[in-house]
Amino acid sequence: RSAVRCGLCRCAKRRWRASGQTAPQTSWPAMSRTREMLGEATAGGAAGVLAVASTYPLMVAKTRLQAQRRRDTAGSDGHAGDGAAHYKNALDCVLQVARSEGVRGLFKGLSSSLPKAFVTNFIFYFAYTLVKPLFKGWKNKLLAHMLQGVAAGSCVQIIMSPIEMVNTRVIADKTGKTRFAQTFMDVLRTKGCSGLYQGLLPQLVLTLNPGITNVVRHLITPSGDQAS
């Protein structure tokens, strides 16, 4: 998915910059800088949406295979199965779902995933462009690209982590009466700001992933300094 997203984002950014060449130039550097950041972020958000949409059937297959594994484990412990379909592998899962539920079955839950994909990637690429000047003069380009990706990924986690944590509590509530704003305020009142960031440290460690992706992208495309 990262490869798809990076490729789509690069195409979108080229279109954005091509349109910007014909736009009237402003005498305000801050306006040009803001336009660049918004352009990068919008391109990244759109690319993230397309990447999620194009790979969503694989995510459905992965989720169902994981659920099947849990059922198989429960069955080996003496619990009866629920008669659900058995999938041999990811491809077999996709084909069975398409046959039994139609193409719609392969995209079940997509509508709730797309806004999150857009917002997450919008924040990432906005932050990525925002911190870019901080690493411009570095001699060690690979380290600069790594830290730039890590910094952008950290911004995403810091903004999205409280939302994800509260959203998980809302989903886990079986009564269906819990609301997002109410849960958010309850956590803030009982545990303070630190309660909203439980589990943040492991997520920050995982920001090495976009850092490494950024390094690889610039190694594969030597012109990455000009294109990114």
# chains A, B, ... in the order shown; residues from 1 in each chain; ligands from 1
call {"tool": "residues_around", "arguments": {"residues": "stretch 201-218 of chain A", "least_positions_apart": "6", "cutoff": "8 Å", "atoms": "only C-alpha atoms", "output": "ChimeraX atom specification"}}
result
/A:2,142-143,145-151,153-154,157,224-225
call {"tool": "atom_distance", "arguments": {"atom1": "atom CA of A:Lys136", "atom2": "atom CA of A:Glu36"}}
result
16.0 Å
call {"tool": "select_by_dssp", "arguments": {"residues": "stretch 31-180 of chain A", "states": "helix (DSSP H, G or I)", "output": "PyMOL selection string"}}
result
chain A and resi 31-76+90-101+103-107+110-135+141-172+180
call {"tool": "residues_around", "arguments": {"residues": "A:Phe118", "least_positions_apart": "2", "cutoff": "7 Å", "atoms": "only C-alpha atoms", "output": "list in words"}}
result
Gly45, Ala46, Gly48, Val49, Leu114, Pro115, Lys116, Thr120, Asn121 and Phe122 of chain A
call {"tool": "write_last_selection", "arguments": {"atoms": "C-alpha atoms", "output": "CSV table (one decimal), in the first residue's frame"}}
result
chain,number,residue,atom,x,y,z
A,45,GLY,CA,-4.5,12.7,1.0
A,46,ALA,CA,-5.9,11.9,-2.4
A,48,GLY,CA,-3.9,7.7,0.4
A,49,VAL,CA,-7.6,7.4,-0.5
A,114,LEU,CA,-11.5,6.5,3.3
A,115,PRO,CA,-12.0,9.7,5.5
A,116,LYS,CA,-9.4,8.3,7.9
A,120,THR,CA,-3.9,10.7,8.0
A,121,ASN,CA,-2.1,11.2,4.7
A,122,PHE,CA,-3.1,14.9,4.6
call {"tool": "atom_distance", "arguments": {"atom1": "atom CA of A:Met59", "atom2": "atom CA of A:Ile123"}}
result
22.7 Å
call {"tool": "atom_distance", "arguments": {"atom1": "atom CA of A:Arg71", "atom2": "atom CA of A:His86"}}
result
10.2 Å
call {"tool": "residues_around", "arguments": {"residues": "stretch 179-189 of chain A", "least_positions_apart": "2", "cutoff": "9 Å", "atoms": "only C-alpha atoms", "output": "ChimeraX atom specification"}}
result
/A:162-163,166-167,169-170,176-177,191-196
call {"tool": "residues_around", "arguments": {"residues": "A:Tyr197", "least_positions_apart": "6", "cutoff": "9 Å", "atoms": "only C-alpha atoms", "output": "compact mmCIF listing (two decimals) with all heavy atoms, in the first residue's frame"}}
result
# COMPACT_ATOMS: atom_id res chain seq x y z
N ILE A 158 0.66 11.89 16.94
CA ILE A 158 0.31 12.81 18.03
C ILE A 158 -1.10 13.35 17.84
O ILE A 158 -1.86 13.53 18.80
CB ILE A 158 1.33 13.96 18.11
CG1 ILE A 158 2.67 13.42 18.64
CG2 ILE A 158 0.83 15.08 19.00
CD1 ILE A 158 3.82 14.39 18.52
N SER A 161 -3.65 9.74 17.51
CA SER A 161 -3.67 8.76 18.60
C SER A 161 -4.85 8.96 19.56
O SER A 161 -5.55 7.99 19.88
CB SER A 161 -2.35 8.80 19.38
OG SER A 161 -2.33 7.81 20.38
N PRO A 162 -5.13 10.18 20.04
CA PRO A 162 -6.29 10.35 20.92
C PRO A 162 -7.60 10.00 20.23
O PRO A 162 -8.50 9.41 20.83
CB PRO A 162 -6.24 11.85 21.27
CG PRO A 162 -4.83 12.26 21.04
CD PRO A 162 -4.37 11.44 19.88
N MET A 165 -7.86 6.20 20.00
CA MET A 165 -8.10 5.61 21.31
C MET A 165 -9.56 5.76 21.73
O MET A 165 -10.21 4.81 22.16
CB MET A 165 -7.17 6.26 22.34
CG MET A 165 -7.13 5.54 23.69
SD MET A 165 -8.45 6.04 24.81
CE MET A 165 -7.94 7.71 25.19
call {"tool": "residues_around", "arguments": {"residues": "A:Val60", "least_positions_apart": "6", "cutoff": "12 Å", "atoms": "only C-alpha atoms", "output": "list in words"}}
result
Val52, Ala53, Ser54, Gln66, Ala67, Ala90, Leu91, Cys93, Val94, Leu95, Gln96, Val97, Ala98, Val103, Arg104, Gly105, Leu106, Phe107, Lys108, Gly109, Leu110 and Ser113 of chain A
call {"tool": "residues_around", "arguments": {"residues": "A:Phe126", "least_positions_apart": "6", "cutoff": "10 Å", "atoms": "only C-alpha atoms", "output": "PyMOL selection string"}}
result
chain A and resi 34+36-45+152+155-156
call {"tool": "write_last_selection", "arguments": {"atoms": "N, CA, C and O atoms", "output": "mmCIF file, in the first residue's frame"}}
result
data_model
loop_
_atom_site.group_PDB
_atom_site.id
_atom_site.type_symbol
_atom_site.label_atom_id
_atom_site.label_comp_id
_atom_site.auth_asym_id
_atom_site.auth_seq_id
_atom_site.Cartn_x
_atom_site.Cartn_y
_atom_site.Cartn_z
ATOM 1 N N THR A 34 2.598 28.325 1.860
ATOM 2 C CA THR A 34 1.345 27.715 2.293
ATOM 3 C C THR A 34 0.697 26.945 1.156
ATOM 4 O O THR A 34 0.190 25.835 1.356
ATOM 5 N N GLU A 36 2.214 25.546 -1.321
ATOM 6 C CA GLU A 36 2.996 24.320 -1.538
ATOM 7 C C GLU A 36 2.611 23.248 -0.515
ATOM 8 O O GLU A 36 2.390 22.083 -0.879
ATOM 9 N N MET A 37 2.504 23.632 0.756
ATOM 10 C CA MET A 37 2.170 22.662 1.805
ATOM 11 C C MET A 37 0.770 22.088 1.603
ATOM 12 O O MET A 37 0.558 20.878 1.738
ATOM 13 N N LEU A 38 -0.181 22.959 1.247
ATOM 14 C CA LEU A 38 -1.543 22.486 1.020
ATOM 15 C C LEU A 38 -1.613 21.588 -0.212
ATOM 16 O O LEU A 38 -2.365 20.606 -0.244
ATOM 17 N N GLY A 39 -0.816 21.933 -1.230
ATOM 18 C CA GLY A 39 -0.783 21.109 -2.435
ATOM 19 C C GLY A 39 -0.226 19.724 -2.160
ATOM 20 O O GLY A 39 -0.791 18.710 -2.592
ATOM 21 N N GLU A 40 0.897 19.680 -1.432
ATOM 22 C CA GLU A 40 1.510 18.391 -1.066
ATOM 23 C C GLU A 40 0.541 17.564 -0.211
ATOM 24 O O GLU A 40 0.388 16.360 -0.415
ATOM 25 N N ALA A 41 -0.098 18.241 0.757
ATOM 26 C CA ALA A 41 -0.991 17.529 1.668
ATOM 27 C C ALA A 41 -2.224 16.997 0.947
ATOM 28 O O ALA A 41 -2.654 15.859 1.184
ATOM 29 N N THR A 42 -2.789 17.809 0.057
ATOM 30 C CA THR A 42 -3.974 17.371 -0.691
ATOM 31 C C THR A 42 -3.632 16.217 -1.619
ATOM 32 O O THR A 42 -4.393 15.247 -1.735
ATOM 33 N N ALA A 43 -2.476 16.321 -2.293
ATOM 34 C CA ALA A 43 -2.035 15.238 -3.169
ATOM 35 C C ALA A 43 -1.811 13.955 -2.374
ATOM 36 O O ALA A 43 -2.202 12.862 -2.794
ATOM 37 N N GLY A 44 -1.187 14.103 -1.197
ATOM 38 C CA GLY A 44 -0.949 12.936 -0.344
ATOM 39 C C GLY A 44 -2.240 12.326 0.162
ATOM 40 O O GLY A 44 -2.388 11.099 0.191
ATOM 41 N N GLY A 45 -3.199 13.183 0.547
ATOM 42 C CA GLY A 45 -4.487 12.688 1.020
ATOM 43 C C GLY A 45 -5.237 11.940 -0.069
ATOM 44 O O GLY A 45 -5.792 10.857 0.168
ATOM 45 N N ALA A 152 7.329 13.589 10.299
ATOM 46 C CA ALA A 152 5.971 13.674 9.741
ATOM 47 C C ALA A 152 5.084 12.574 10.326
ATOM 48 O O ALA A 152 3.931 12.816 10.686
ATOM 49 N N CYS A 155 3.992 13.455 13.843
ATOM 50 C CA CYS A 155 2.893 14.431 13.855
ATOM 51 C C CYS A 155 1.548 13.730 13.661
ATOM 52 O O CYS A 155 0.565 14.066 14.328
ATOM 53 N N VAL A 156 1.534 12.756 12.745
ATOM 54 C CA VAL A 156 0.297 12.001 12.507
ATOM 55 C C VAL A 156 -0.138 11.280 13.780
ATOM 56 O O VAL A 156 -1.309 11.340 14.180
#
